[in-house]
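Source file: coords.pdb; contents: PDB, C-alpha atoms.
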ATOM      1  CA  MET B   1     -25.671   3.241  -7.197
ATOM      2  CA  GLN B   2     -25.515   2.248  -3.523
ATOM      3  CA  HIS B   3     -21.939   2.766  -2.374
ATOM      4  CA  LEU B   4     -20.141   0.710   0.258
ATOM      5  CA  ASP B   5     -20.494   1.884   3.845
ATOM      6  CA  PRO B   6     -17.576   4.148   4.935
ATOM      7  CA  ASP B   7     -16.990   2.100   8.093
ATOM      8  CA  ARG B   8     -16.749  -1.024   5.957
ATOM      9  CA  LEU B   9     -14.157   0.650   3.718
ATOM     10  CA  VAL B  10     -12.108   1.530   6.806
ATOM     11  CA  LEU B  11     -12.060  -2.120   7.919
ATOM     12  CA  LEU B  12     -11.022  -3.234   4.428
ATOM     13  CA  ALA B  13      -8.268  -0.611   4.290
ATOM     14  CA  LEU B  14      -6.910  -1.764   7.660
ATOM     15  CA  ALA B  15      -7.021  -5.398   6.457
ATOM     16  CA  GLU B  16      -9.192  -6.245   9.458
ATOM     17  CA  GLU B  17     -11.877  -7.638   7.152
ATOM     18  CA  VAL B  18     -11.827  -9.349   3.759
ATOM     19  CA  ALA B  19     -14.092  -8.103   0.988
ATOM     20  CA  ASP B  20     -16.883 -10.520   0.183
ATOM     21  CA  GLU B  21     -17.921 -11.354  -3.370
ATOM     22  CA  HIS B  22     -20.486  -8.535  -3.555
ATOM     23  CA  GLU B  23     -17.996  -5.960  -2.255
ATOM     24  CA  SER B  24     -15.264  -7.130  -4.629
ATOM     25  CA  ASP B  25     -17.664  -6.853  -7.575
ATOM     26  CA  HIS B  26     -18.740  -3.392  -6.442
ATOM     27  CA  LEU B  27     -15.151  -2.162  -6.076
ATOM     28  CA  ALA B  28     -14.328  -3.492  -9.532
ATOM     29  CA  GLY B  29     -17.043  -1.349 -11.073
ATOM     30  CA  CYS B  30     -17.212   1.702  -8.803
ATOM     31  CA  ALA B  31     -14.396   4.238  -9.170
ATOM     32  CA  VAL B  32     -15.717   6.320  -6.241
ATOM     33  CA  CYS B  33     -15.475   3.533  -3.676
ATOM     34  CA  ARG B  34     -12.223   2.291  -5.176
ATOM     35  CA  ASP B  35     -10.625   5.720  -4.842
ATOM     36  CA  GLU B  36     -11.877   6.101  -1.274
ATOM     37  CA  LEU B  37     -10.458   2.689  -0.367
ATOM     38  CA  ARG B  38      -7.062   3.557  -1.844
ATOM     39  CA  THR B  39      -7.023   6.845   0.076
ATOM     40  CA  LEU B  40      -7.856   5.030   3.306
ATOM     41  CA  GLU B  41      -5.142   2.466   2.625
ATOM     42  CA  HIS B  42      -2.647   5.281   2.137
ATOM     43  CA  VAL B  43      -3.625   6.862   5.463
ATOM     44  CA  ALA B  44      -3.341   3.451   7.175
ATOM     45  CA  GLU B  45       0.147   2.967   5.730
ATOM     46  CA  LEU B  46       1.269   6.379   6.972
ATOM     47  CA  GLY B  47       0.018   5.472  10.425
ATOM     48  CA  ALA B  48       1.830   2.119  10.358
ATOM     49  CA  GLU B  49       5.087   3.740   9.243
ATOM     50  CA  SER B  50       5.024   6.188  12.160
ATOM     51  CA  ALA B  51       3.854   3.635  14.757
ATOM     52  CA  ASP B  52       7.356   3.134  16.180
ATOM     53  CA  MET B  53       8.021   6.856  16.644
ATOM     54  CA  ARG B  54       7.955   8.269  20.148
ATOM     55  CA  GLU B  55       7.791  11.823  21.497
ATOM     56  CA  LEU B  56       6.625  13.281  18.208
ATOM     57  CA  PRO B  57       6.616  17.077  18.055
ATOM     58  CA  PRO B  58       3.109  18.524  18.410
ATOM     59  CA  PRO B  59       1.609  19.534  15.053
ATOM     60  CA  PRO B  60       1.088  23.269  14.560
ATOM     61  CA  GLU B  61      -2.436  24.600  14.794
ATOM     62  CA  SER B  62      -2.242  25.370  11.075
ATOM     63  CA  VAL B  63      -2.409  21.608  10.352
ATOM     64  CA  TRP B  64      -5.819  21.207  12.017
ATOM     65  CA  ALA B  65      -6.960  24.471  10.470
ATOM     66  CA  GLY B  66      -6.000  23.127   7.062
ATOM     67  CA  ILE B  67      -8.088  19.992   7.619
ATOM     68  CA  GLN B  68     -11.080  22.077   8.648
ATOM     69  CA  ALA B  69     -10.635  24.299   5.587
ATOM     70  CA  GLU B  70     -10.569  21.226   3.320
ATOM     71  CA  VAL B  71     -13.762  19.976   4.962
ATOM     72  CA  ALA B  72     -15.446  23.317   4.291
ATOM     73  CA  ARG B  73     -14.313  23.374   0.640
ATOM     74  CA  ALA B  74     -15.608  19.845   0.113
ATOM     75  CA  GLY B  75     -19.055  20.757   1.448
ATOM     76  CA  ALA B  76     -18.927  18.629   4.616
ATOM     77  CA  PRO B  77     -20.228  19.763   8.016
ATOM     78  CA  ALA B  78     -17.678  21.647  10.111
ATOM     79  CA  LEU B  79     -15.569  19.471  12.402
ATOM     80  CA  PRO B  80     -15.488  20.264  16.119
ATOM     81  CA  ALA B  81     -11.991  20.920  17.449
ATOM     82  CA  ARG B  82      -9.899  17.748  17.889
ATOM     83  CA  ARG B  83     -12.906  15.407  17.660
ATOM     84  CA  ARG B  84     -13.937  12.716  15.239
ATOM     85  CA  ARG B  85     -17.266  12.733  13.430
ATOM     86  CA  ARG B  86     -19.059  10.026  11.503
ATOM     87  CA  THR B  87     -20.435  10.572   8.012
ATOM     88  CA  PRO B  88     -23.876  12.244   8.404
ATOM     89  CA  ALA B  89     -26.709  10.097   7.114
ATOM     90  CA  GLY B  90     -27.788  11.061   3.619
ATOM     91  CA  HIS B  91     -24.902  13.540   3.124
ATOM     92  CA  PRO B  92     -23.003  13.154  -0.181
ATOM     93  CA  ARG B  93     -19.774  11.215   0.294
ATOM     94  CA  ARG B  94     -17.779  13.180  -2.259
ATOM     95  CA  TRP B  95     -16.110  15.133   0.579
ATOM     96  CA  LEU B  96     -14.634  12.004   2.212
ATOM     97  CA  ALA B  97     -11.558  11.582  -0.010
ATOM     98  CA  PRO B  98     -10.266  15.205   0.258
ATOM     99  CA  VAL B  99     -10.800  15.180   4.016
ATOM    100  CA  LEU B 100      -8.815  11.970   4.337
ATOM    101  CA  ALA B 101      -6.122  13.382   2.089
ATOM    102  CA  ALA B 102      -5.858  16.395   4.372
ATOM    103  CA  ALA B 103      -5.625  14.084   7.382
ATOM    104  CA  ALA B 104      -2.855  12.160   5.639
ATOM    105  CA  ALA B 105      -1.021  15.429   5.123
ATOM    106  CA  ALA B 106      -1.255  16.022   8.872
ATOM    107  CA  VAL B 107       0.362  12.649   9.534
ATOM    108  CA  VAL B 108       3.134  13.484   7.087
ATOM    109  CA  ALA B 109       3.686  16.872   8.717
ATOM    110  CA  VAL B 110       4.184  15.335  12.158
ATOM    111  CA  ALA B 111       6.004  12.151  11.172
ATOM    112  CA  GLY B 112       8.178  13.978   8.661
ATOM    113  CA  THR B 113       9.456  16.315  11.382
ATOM    114  CA  ALA B 114      10.446  13.336  13.493
ATOM    115  CA  VAL B 115      12.219  11.691  10.566
ATOM    116  CA  VAL B 116      14.275  14.823   9.929
ATOM    117  CA  MET B 117      15.201  15.049  13.598
ATOM    118  CA  ARG B 118      16.274  11.401  13.638
ATOM    119  CA  GLY B 119      18.120  11.614  10.323
ATOM    120  CA  LEU B 120      21.469  12.586  11.830
ATOM    121  CA  ASP B 121      21.913   9.302  13.690
ATOM    122  CA  ARG B 122      20.482   7.072  10.941
ATOM    123  CA  PRO B 123      22.869   4.225   9.973
ATOM    124  CA  PRO B 124      24.431   4.290   6.492
ATOM    125  CA  ALA B 125      22.336   2.857   3.667
ATOM    126  CA  ALA B 126      22.893  -0.828   2.952
ATOM    127  CA  ASP B 127      24.806  -1.838  -0.159
ATOM    128  CA  VAL B 128      22.979  -3.204  -3.201
ATOM    129  CA  THR B 129      24.089  -6.798  -3.814
ATOM    130  CA  ALA B 130      21.763  -7.775  -6.688
ATOM    131  CA  ARG B 131      19.259  -6.182  -9.064
ATOM    132  CA  ALA B 132      16.394  -7.188 -11.314
ATOM    133  CA  THR B 133      14.376  -5.364 -13.949
ATOM    134  CA  LEU B 134      10.741  -6.464 -13.949
ATOM    135  CA  SER B 135       9.009  -6.694 -17.314
ATOM    136  CA  PRO B 136       5.268  -7.002 -17.982
ATOM    137  CA  LEU B 137       3.672 -10.348 -18.746
ATOM    138  CA  PRO B 138       0.658 -10.608 -21.096
ATOM    139  CA  SER B 139      -1.723 -10.105 -18.154
ATOM    140  CA  ALA B 140      -0.268  -6.653 -17.399
ATOM    141  CA  PRO B 141      -0.322  -3.336 -19.299
ATOM    142  CA  ARG B 142       2.543  -2.932 -21.738
ATOM    143  CA  ASP B 143       3.878   0.086 -19.823
ATOM    144  CA  ALA B 144       3.964  -1.747 -16.471
ATOM    145  CA  ARG B 145       7.471  -2.149 -15.132
ATOM    146  CA  GLY B 146       9.499  -2.527 -11.976
ATOM    147  CA  ASP B 147      12.960  -2.468 -10.423
ATOM    148  CA  VAL B 148      14.228  -4.664  -7.604
ATOM    149  CA  ARG B 149      17.319  -4.130  -5.460
ATOM    150  CA  VAL B 150      18.582  -6.703  -2.965
ATOM    151  CA  LEU B 151      20.289  -5.003  -0.014
ATOM    152  CA  SER B 152      23.121  -6.327   2.117
ATOM    153  CA  ASP B 153      21.001  -5.975   5.272
ATOM    154  CA  GLY B 154      18.608  -8.727   4.155
ATOM    155  CA  GLU B 155      15.887  -6.567   2.632
ATOM    156  CA  VAL B 156      14.594  -6.041  -0.893
ATOM    157  CA  GLU B 157      13.547  -2.709  -2.364
ATOM    158  CA  VAL B 158      10.732  -2.996  -4.930
ATOM    159  CA  ASP B 159       9.654  -0.083  -7.139
ATOM    160  CA  VAL B 160       6.812  -0.691  -9.618
ATOM    161  CA  GLU B 161       4.874   1.458 -12.070
ATOM    162  CA  ASN B 162       1.586   1.187 -13.963
ATOM    163  CA  LEU B 163       0.316  -2.027 -12.409
ATOM    164  CA  PRO B 164      -3.371  -2.658 -13.174
ATOM    165  CA  LEU B 165      -5.967  -1.884 -10.517
ATOM    166  CA  THR B 166      -6.877  -4.819  -8.344
ATOM    167  CA  THR B 167      -9.783  -5.604  -6.028
ATOM    168  CA  GLY B 168      -7.318  -7.655  -3.979
ATOM    169  CA  PHE B 169      -3.625  -6.853  -3.620
ATOM    170  CA  HIS B 170      -0.257  -7.211  -5.354
ATOM    171  CA  GLU B 171       2.226  -9.671  -3.867
ATOM    172  CA  VAL B 172       5.982 -10.098  -4.433
ATOM    173  CA  TRP B 173       7.477 -13.582  -4.787
ATOM    174  CA  LEU B 174      10.875 -15.233  -5.177
ATOM    175  CA  ILE B 175      10.724 -18.264  -7.494
ATOM    176  CA  ASP B 176      13.163 -21.021  -8.403
ATOM    177  CA  PRO B 177      13.251 -20.787 -12.241
ATOM    178  CA  ASP B 178      14.395 -24.418 -12.446
ATOM    179  CA  ASP B 179      11.286 -25.547 -10.548
ATOM    180  CA  THR B 180       8.605 -22.879 -10.618
ATOM    181  CA  SER B 181       6.491 -24.777  -8.091
ATOM    182  CA  LYS B 182       9.021 -23.690  -5.452
ATOM    183  CA  MET B 183       8.413 -20.089  -4.413
ATOM    184  CA  LEU B 184       8.613 -17.795  -1.401
ATOM    185  CA  SER B 185       6.408 -14.793  -0.651
ATOM    186  CA  LEU B 186       8.206 -11.587   0.324
ATOM    187  CA  GLY B 187       4.995  -9.719   1.153
ATOM    188  CA  ASN B 188       2.369  -7.396  -0.265
ATOM    189  CA  LEU B 189       2.915  -4.139  -2.105
ATOM    190  CA  PRO B 190       1.252  -1.144  -0.450
ATOM    191  CA  ALA B 191      -0.798   1.418  -2.345
ATOM    192  CA  ARG B 192       2.301   3.483  -3.042
ATOM    193  CA  PRO B 193       4.701   2.156  -5.723
ATOM    194  CA  GLU B 194       7.757   1.607  -3.503
ATOM    195  CA  ALA B 195       8.185  -0.998  -0.790
ATOM    196  CA  VAL B 196      10.982  -2.501   1.315
ATOM    197  CA  LEU B 197      10.372  -6.165   2.114
ATOM    198  CA  PRO B 198      12.433  -8.583   4.242
ATOM    199  CA  VAL B 199      13.997 -11.682   2.710
ATOM    200  CA  PRO B 200      13.250 -14.817   4.794
ATOM    201  CA  PRO B 201      16.429 -15.813   6.692
ATOM    202  CA  GLY B 202      18.432 -18.544   4.991
ATOM    203  CA  THR B 203      16.965 -17.882   1.516
ATOM    204  CA  ASP B 204      19.376 -18.834  -1.264
ATOM    205  CA  LEU B 205      18.973 -16.007  -3.770
ATOM    206  CA  ASN B 206      21.131 -17.846  -6.281
ATOM    207  CA  ARG B 207      18.357 -20.447  -6.365
ATOM    208  CA  TYR B 208      15.296 -18.228  -5.826
ATOM    209  CA  ARG B 209      16.474 -15.660  -8.338
ATOM    210  CA  LEU B 210      13.238 -15.049 -10.270
ATOM    211  CA  VAL B 211      11.217 -12.102  -8.896
ATOM    212  CA  ASP B 212       7.474 -12.168  -9.565
ATOM    213  CA  VAL B 213       4.664  -9.698  -8.834
ATOM    214  CA  SER B 214       1.193 -11.241  -8.823
ATOM    215  CA  ASP B 215      -2.427 -10.128  -8.517
ATOM    216  CA  GLU B 216      -3.958 -11.841  -5.485
ATOM    217  CA  ALA B 217      -7.523 -11.985  -4.177
ATOM    218  CA  HIS B 218      -8.677 -11.590  -0.576
ATOM    219  CA  ASP B 219      -9.709 -15.253  -0.474
ATOM    220  CA  GLY B 220      -7.630 -16.509   2.446
ATOM    221  CA  ASP B 221      -5.491 -18.665   0.136
ATOM    222  CA  ALA B 222      -1.776 -18.033   0.748
ATOM    223  CA  ALA B 223      -0.715 -19.817  -2.448
ATOM    224  CA  HIS B 224       0.209 -17.964  -5.629
ATOM    225  CA  SER B 225      -2.911 -17.070  -7.628
ATOM    226  CA  GLY B 226      -1.296 -17.926 -10.960
ATOM    227  CA  LYS B 227      -1.936 -14.347 -12.140
ATOM    228  CA  SER B 228       1.595 -13.005 -12.614
ATOM    229  CA  LEU B 229       1.967  -9.414 -13.790
ATOM    230  CA  LEU B 230       5.711  -8.692 -13.712
ATOM    231  CA  ARG B 231       8.810 -10.870 -13.711
ATOM    232  CA  GLY B 232      12.560 -10.419 -13.766
ATOM    233  CA  THR B 233      15.743 -12.306 -12.856
ATOM    234  CA  LEU B 234      18.214 -11.183 -10.199
ATOM    235  CA  THR B 235      21.731 -10.464 -11.440
ATOM    236  CA  TYR B 236      24.828  -9.876  -9.326
TER     237      TYR B 236
END
Encoded form using structure tokens:
Amino acid sequence: MQHLDPDRLVLLALAEEVADEHESDHLAGCAVCRDELRTLEHVAELGAESADMRELPPPPESVWAGIQAEVARAGAPALPARRRRRTPAGHPRRWLAPVLAAAAAAVVAVAGTAVVMRGLDRPPAADVTARATLSPLPSAPRDARGDVRVLSDGEVEVDVENLPLTTGFHEVWLIDPDDTSKMLSLGNLPARPEAVLPVPPGTDLNRYRLVDVSDEAHDGDAAHSGKSLLRGTLTY
């Protein structure tokens, strides 16, 4: 099987490109490329989360040594110090995922240090003003579930489990149960199960009290796909 080009997977993970029909079909049937894409998405998310950090402590040399050791164990060519290297032509791609995982660990090591250092002056956690338990619809696995917490600072915490794999993305919506054609998008769920999403200013959560998680395609259409996976009602 001809796998997707690694550079193409990077662009898809960064959401700089949208998968075409051939790529979507390939990802649906190829666990190797799908796993590599999810790993890349995870690395991209770690980078985005640490983008606002300044004056990060330098990572210890052991971090880079660990990446190089992972490369060697995976059978990839040795990496030169502090330099990037493209996938060698014809070399098996099975080493890509563990190398990226090691790189992600490096990001965590640096960003995590900064988070600990900043933790002392972090403001108190916002109060929970409403909750919802998300239950699976027929289009989702029976063990899929989720919890939603509305915070007093205008954000929503979403925690989901066992959602089905998607070649697109999962999106969170607020819906008026009295008129389900009226809905607001809160944003996309990342590869990890937890997310904090902002509520649009002025949203009446007594009206838009139905929380919905859908399976969306990379088709450029901002409307709801009609493929709902989880739903639950906010209670106060």
Residues picked by the PyMOL selection byres ((chain B and resi 159) around 12) here, as a PyMOL selection string?
-> chain B and resi 131-134+144-150+156-158+160-163+172+189-197+213+230
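For the set B:Leu229, B:Ala130, B:Leu210, B:Leu4, the residue with the smallest atom-to-atom gap to B:Leu27 is B:Leu4, counting all atoms listed in the file.
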Atom CA of B:Leu234 and atom CA of B:His218 are how many Å apart?
-> 28.6 Å
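Minimum atom-to-atom distances from B:Pro138, B:Ile175, B:His3, B:Gly226 to B:Ala31 were compared using all atoms listed in the file, and the lowest value belongs to B:His3.
Atom CA of B:Ala223 sits 28.2 Å away from atom CA of B:Glu36.
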Separation of atom CA of B:Glu23 from atom CA of B:Arg231 in Å = 29.6 Å
So, counting only C-alpha atoms, which residue among B:Ser185, B:Thr129, B:Thr167, B:Ser225 is closest to B:Leu12?
->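 Checking each candidate against B:Leu12, we get B:Thr167 as the closest.
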What residues come out when you apply the PyMOL selection byres ((chain B and resi 174) around 9) to this file, written as a list of chain:residue names?
->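 When the PyMOL selection byres ((chain B and resi 174) around 9) is applied to the shown file, the picked residues are B:Val172, B:Trp173, B:Ile175, B:Asp176, B:Lys182, B:Met183, B:Leu184, B:Ser185, B:Leu186, B:Leu205, B:Tyr208, B:Arg209, B:Leu210, B:Val211, B:Asp212.
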Kindly indicate which residue among B:Ala13, B:Ser139, B:Cys30, B:Pro198 lies nearest to B:Glu45, using only C-alpha atoms for the distances.
-> B:Ala13
How big is the axis-aligned box around the listed atoms of stretch 192-204 of chain B once 3 Å is added on each side, and where is its centre? Give both in Å to one decimal, as AutoDock Vina command-line options.
--center_x 10.8 --center_y -7.7 --center_z 0.5 --size_x 23.1 --size_y 28.3 --size_z 18.4
Would you fill the gaps in stretch 139-150 of chain B so it has all heavy atoms, then print it as an mmCIF file, in the coordinates of the input?
data_model
loop_
_atom_site.group_PDB
_atom_site.id
_atom_site.type_symbol
_atom_site.label_atom_id
_atom_site.label_comp_id
_atom_site.auth_asym_id
_atom_site.auth_seq_id
_atom_site.Cartn_x
_atom_site.Cartn_y
_atom_site.Cartn_z
ATOM 1 N N SER B 139 -0.588 -10.501 -18.995
ATOM 2 C CA SER B 139 -1.723 -10.105 -18.154
ATOM 3 C C SER B 139 -1.607 -8.688 -17.616
ATOM 4 O O SER B 139 -2.521 -8.208 -16.940
ATOM 5 C CB SER B 139 -1.855 -11.076 -16.983
ATOM 6 O OG SER B 139 -0.633 -11.162 -16.267
ATOM 7 N N ALA B 140 -0.495 -8.004 -17.912
ATOM 8 C CA ALA B 140 -0.268 -6.653 -17.399
ATOM 9 C C ALA B 140 -0.217 -5.652 -18.546
ATOM 10 O O ALA B 140 0.053 -6.020 -19.692
ATOM 11 C CB ALA B 140 1.037 -6.605 -16.609
ATOM 12 N N PRO B 141 -0.463 -4.359 -18.256
ATOM 13 C CA PRO B 141 -0.322 -3.336 -19.299
ATOM 14 C C PRO B 141 1.101 -3.315 -19.857
ATOM 15 O O PRO B 141 2.059 -3.629 -19.146
ATOM 16 C CB PRO B 141 -0.653 -2.028 -18.560
ATOM 17 C CG PRO B 141 -1.446 -2.446 -17.378
ATOM 18 C CD PRO B 141 -0.939 -3.794 -16.981
ATOM 19 N N ARG B 142 1.229 -2.918 -21.095
ATOM 20 C CA ARG B 142 2.543 -2.932 -21.738
ATOM 21 C C ARG B 142 3.508 -1.954 -21.090
ATOM 22 O O ARG B 142 4.733 -2.141 -21.163
ATOM 23 C CB ARG B 142 2.393 -2.603 -23.230
ATOM 24 C CG ARG B 142 1.631 -3.666 -24.008
ATOM 25 C CD ARG B 142 1.509 -3.302 -25.477
ATOM 26 N NE ARG B 142 2.813 -3.199 -26.116
ATOM 27 C CZ ARG B 142 2.990 -2.859 -27.391
ATOM 28 N NH1 ARG B 142 1.938 -2.569 -28.138
ATOM 29 N NH2 ARG B 142 4.203 -2.787 -27.898
ATOM 30 N N ASP B 143 2.986 -0.886 -20.447
ATOM 31 C CA ASP B 143 3.878 0.086 -19.823
ATOM 32 C C ASP B 143 4.145 -0.217 -18.350
ATOM 33 O O ASP B 143 4.815 0.560 -17.657
ATOM 34 C CB ASP B 143 3.317 1.504 -19.959
ATOM 35 C CG ASP B 143 1.955 1.660 -19.303
ATOM 36 O OD1 ASP B 143 1.345 0.633 -18.930
ATOM 37 O OD2 ASP B 143 1.482 2.808 -19.177
ATOM 38 N N ALA B 144 3.653 -1.347 -17.851
ATOM 39 C CA ALA B 144 3.964 -1.747 -16.471
ATOM 40 C C ALA B 144 5.437 -2.145 -16.392
ATOM 41 O O ALA B 144 5.994 -2.727 -17.326
ATOM 42 C CB ALA B 144 3.074 -2.907 -16.036
ATOM 43 N N ARG B 145 6.057 -1.833 -15.285
ATOM 44 C CA ARG B 145 7.471 -2.149 -15.132
ATOM 45 C C ARG B 145 7.823 -2.151 -13.650
ATOM 46 O O ARG B 145 7.017 -1.765 -12.804
ATOM 47 C CB ARG B 145 8.358 -1.125 -15.857
ATOM 48 C CG ARG B 145 8.167 0.308 -15.364
ATOM 49 C CD ARG B 145 9.164 1.266 -15.973
ATOM 50 N NE ARG B 145 10.529 0.886 -15.637
ATOM 51 C CZ ARG B 145 11.134 1.192 -14.497
ATOM 52 N NH1 ARG B 145 10.474 1.854 -13.549
ATOM 53 N NH2 ARG B 145 12.364 0.826 -14.276
ATOM 54 N N GLY B 146 9.052 -2.559 -13.357
ATOM 55 C CA GLY B 146 9.499 -2.527 -11.976
ATOM 56 C C GLY B 146 10.998 -2.718 -11.860
ATOM 57 O O GLY B 146 11.647 -3.223 -12.788
ATOM 58 N N ASP B 147 11.546 -2.279 -10.737
ATOM 59 C CA ASP B 147 12.960 -2.468 -10.423
ATOM 60 C C ASP B 147 13.067 -3.081 -9.033
ATOM 61 O O ASP B 147 12.304 -2.712 -8.116
ATOM 62 C CB ASP B 147 13.718 -1.136 -10.451
ATOM 63 C CG ASP B 147 13.818 -0.558 -11.857
ATOM 64 O OD1 ASP B 147 14.363 -1.253 -12.723
ATOM 65 O OD2 ASP B 147 13.340 0.566 -12.071
ATOM 66 N N VAL B 148 14.011 -3.985 -8.881
ATOM 67 C CA VAL B 148 14.228 -4.664 -7.604
ATOM 68 C C VAL B 148 15.694 -4.530 -7.230
ATOM 69 O O VAL B 148 16.574 -4.722 -8.077
ATOM 70 C CB VAL B 148 13.837 -6.155 -7.693
ATOM 71 C CG1 VAL B 148 14.150 -6.868 -6.379
ATOM 72 C CG2 VAL B 148 12.365 -6.299 -8.044
ATOM 73 N N ARG B 149 15.958 -4.213 -5.967
ATOM 74 C CA ARG B 149 17.319 -4.130 -5.460
ATOM 75 C C ARG B 149 17.418 -4.940 -4.177
ATOM 76 O O ARG B 149 16.670 -4.700 -3.229
ATOM 77 C CB ARG B 149 17.705 -2.669 -5.188
ATOM 78 C CG ARG B 149 17.787 -1.816 -6.442
ATOM 79 C CD ARG B 149 17.874 -0.334 -6.126
ATOM 80 N NE ARG B 149 16.623 0.157 -5.540
ATOM 81 C CZ ARG B 149 15.550 0.485 -6.245
ATOM 82 N NH1 ARG B 149 15.563 0.370 -7.572
ATOM 83 N NH2 ARG B 149 14.457 0.919 -5.664
ATOM 84 N N VAL B 150 18.327 -5.910 -4.160
ATOM 85 C CA VAL B 150 18.582 -6.703 -2.965
ATOM 86 C C VAL B 150 19.655 -5.985 -2.152
ATOM 87 O O VAL B 150 20.722 -5.640 -2.679
ATOM 88 C CB VAL B 150 19.050 -8.121 -3.326
ATOM 89 C CG1 VAL B 150 19.340 -8.924 -2.052
ATOM 90 C CG2 VAL B 150 17.991 -8.832 -4.168
#
